[in-house]
Amino acid sequence: MGGVAIDNDDSGIKAPDGGWGWAVLFGGFVITGFSYAFPKAVSVFFKELIREFGVGYSDTAWISSILLAMLYGSGPICSILVNRFGCRPVMMVGGLFASLGMILASFATSIIHIYICTGVITGLGLALNFQPSLIMLNRYFSEKRPLANGLAAAGSPVALCCLSPLGQVLQYNYGWRGGFLILGGLLLNCCACGALMRPLTGPKKREVDAPDKEAKPKPKPKLLDFTVFKDRGFVIYTVAAAIMVLGLFVPPVFVVSYAKELGNEDTKSALLLTILGFVDIFARPTCGVIAGLKWVRPRCVYLFSFAMIFNGITDIVGSFSKDYPALVGFCIFFGISYGMVGALQFEVLMTIVGTKKFSSAIGLVLLVEAFAVLVGPPGAGRLLDYTKNYQFVFLLAGCEVVVSAVVICIGNMLFIKKKPQEPDPPAKMEMAITEAEMEELNKAPPQEPDSKGDGETGNAQAVEPGIQESPKPDNKVKESESACVDSAELEVSKKLTEANGVIVEPESSL
């Protein structure tokens, strides 16, 4: 290979918005599906693990919790590795870790081994794939980035609809050990997705033969850029995201139990998650298309806050559901709002911090969200144990999401100043000439007409007023050359002057 290609973004390469970017998008689609759906798919094997190791349901639930904690909490480690080695090698190593963890877990003899292998090793491997895939998506797409984020985010509900039935089939035919082994082989596809993350390279620059000009060494990129905290927009987003995560994942965890509490059958209750996921599949790309509209994209922060308010109000209204049709309606609207949030959350972060600092920003945001993920669902479970009422759980989750929407919306309006739109390059050049300079040019002394030359010479000298006339040499040959300026050439110089907005000397334009 000849070395690692560091795909940092300091070279100013323009995002292609297509081409190989679609392959990168496909890889991000698969990685997002594995990262978000795998912790839920593993729960299919919990009953066999309880029977095998003689533990309780709360003990097996720690497997998914550790997976999610590693996915979010190892964000800064991923940022450091990406800034040091690049996205492609980090993702391929992460794919090996994810697969190795599940393969080792298939030989486990205690629940602690499952915690270490599936929770820590596989969780770290998925984290090393998820974050770099978002970074590469940000580098390959600019104009079409909202659509790309929506399509990549749709991998989560698609994978959930596929992995959960697959896990049940594997458990029925091969047991939990065989299922873990096969899922470990399936996770090797993360290495193939990592191989798709080709670094962007610019055109080769020609070497200039200049012995006096020495090539300046490029500054080393920061492994973890903490200067993002100086950005008010980033701080507001981080606070709002942490509050949002406290309640965002609570309804999908408790909606099935809520349906069973109302007296519905197990299969009928489990169908609610299928409805939610099916709606989510179409909501994410659709929201990406809407966010990419010209009049919506500059205001995507407010669209994101609207999605969170929509999600929170859905939770609050859904808490009053008393029968199955009401829960179906809740899952439909929750799937729409949940898909909107999933499609916009990283698009908004990319918009706030930009491509250069995104690798560090997403790692720090995920680290903050990791604490909220560990507190949110367990806290809701404690509330349920204390009140014995699902209504309070959904009310709390909805209020937390609504508060996060208010924080990001009000914070953006009060503390974020809109940057003035930069004028076009021709307008910049016209504005470069100040009024004072124009007055000096207008006050320039008039040129004396040349007795030997025709009127064209005077016009040629008038192109640059303010420059004193040089003394006329006695040589008649030079006088005749200066007098015989072609009018066509002068017309070209005038066009150049008018097109660029800069006054050009006639000698340099001829």
# chains A, B, ... in the order shown; residues from 1 in each chain; ligands from 1
>>> closest_atom_pairs(of="range 370-413 of chain A", to="range 301-314 of chain A", cutoff="12 Å", atoms="only C-alpha atoms", output="JSON lines")
{"residue": "A:Phe394", "atom": "CA", "partner": "A:Gly312", "partner_atom": "CA", "distance": 9.2}
{"residue": "A:Leu395", "atom": "CA", "partner": "A:Gly312", "partner_atom": "CA", "distance": 8.6}
{"residue": "A:Leu396", "atom": "CA", "partner": "A:Gly312", "partner_atom": "CA", "distance": 9.4}
{"residue": "A:Ala397", "atom": "CA", "partner": "A:Gly312", "partner_atom": "CA", "distance": 7.2}
{"residue": "A:Gly398", "atom": "CA", "partner": "A:Gly312", "partner_atom": "CA", "distance": 3.9}
{"residue": "A:Cys399", "atom": "CA", "partner": "A:Gly312", "partner_atom": "CA", "distance": 6.2}
{"residue": "A:Glu400", "atom": "CA", "partner": "A:Gly312", "partner_atom": "CA", "distance": 7.4}
{"residue": "A:Val401", "atom": "CA", "partner": "A:Gly312", "partner_atom": "CA", "distance": 5.1}
{"residue": "A:Val402", "atom": "CA", "partner": "A:Ile309", "partner_atom": "CA", "distance": 5.0}
{"residue": "A:Val403", "atom": "CA", "partner": "A:Ile309", "partner_atom": "CA", "distance": 8.3}
{"residue": "A:Ser404", "atom": "CA", "partner": "A:Met308", "partner_atom": "CA", "distance": 7.5}
{"residue": "A:Ala405", "atom": "CA", "partner": "A:Ser305", "partner_atom": "CA", "distance": 4.6}
{"residue": "A:Val406", "atom": "CA", "partner": "A:Ser305", "partner_atom": "CA", "distance": 7.2}
{"residue": "A:Val407", "atom": "CA", "partner": "A:Ser305", "partner_atom": "CA", "distance": 8.8}
{"residue": "A:Ile408", "atom": "CA", "partner": "A:Ser305", "partner_atom": "CA", "distance": 6.7}
{"residue": "A:Cys409", "atom": "CA", "partner": "A:Ser305", "partner_atom": "CA", "distance": 6.0}
{"residue": "A:Ile410", "atom": "CA", "partner": "A:Ser305", "partner_atom": "CA", "distance": 9.6}
{"residue": "A:Gly411", "atom": "CA", "partner": "A:Val301", "partner_atom": "CA", "distance": 10.7}
{"residue": "A:Asn412", "atom": "CA", "partner": "A:Val301", "partner_atom": "CA", "distance": 8.0}
{"residue": "A:Met413", "atom": "CA", "partner": "A:Tyr302", "partner_atom": "CA", "distance": 9.5}
>>> atom_distance(atom1="CA of Gly75 in chain A", atom2="CA of Gly354 in chain A")
17.7 Å
>>> residues_around(residues="range 141-152 of chain A", least_positions_apart="3", cutoff="8 Å", atoms="only C-alpha atoms", output="PyMOL selection string")
chain A and resi 15-18+21+25-26+28-30+32+137-138+155+284-289+291-292+342-344+346-347
>>> closest_residue(among="A:Met91, A:Val341, A:Leu71, A:Val255", to="Lys268 in chain A", atoms="only C-alpha atoms")
A:Val255
>>> atom_distance(atom1="CA of Leu96 in chain A", atom2="CA of Phe45 in chain A")
22.3 Å
>>> atom_distance(atom1="CA of Lys230 in chain A", atom2="CA of Ala69 in chain A")
26.4 Å
>>> closest_residue(among="A:Ile243, A:Leu160, A:Val328, A:Ala98", to="Phe130 in chain A", atoms="only C-alpha atoms")
A:Ala98
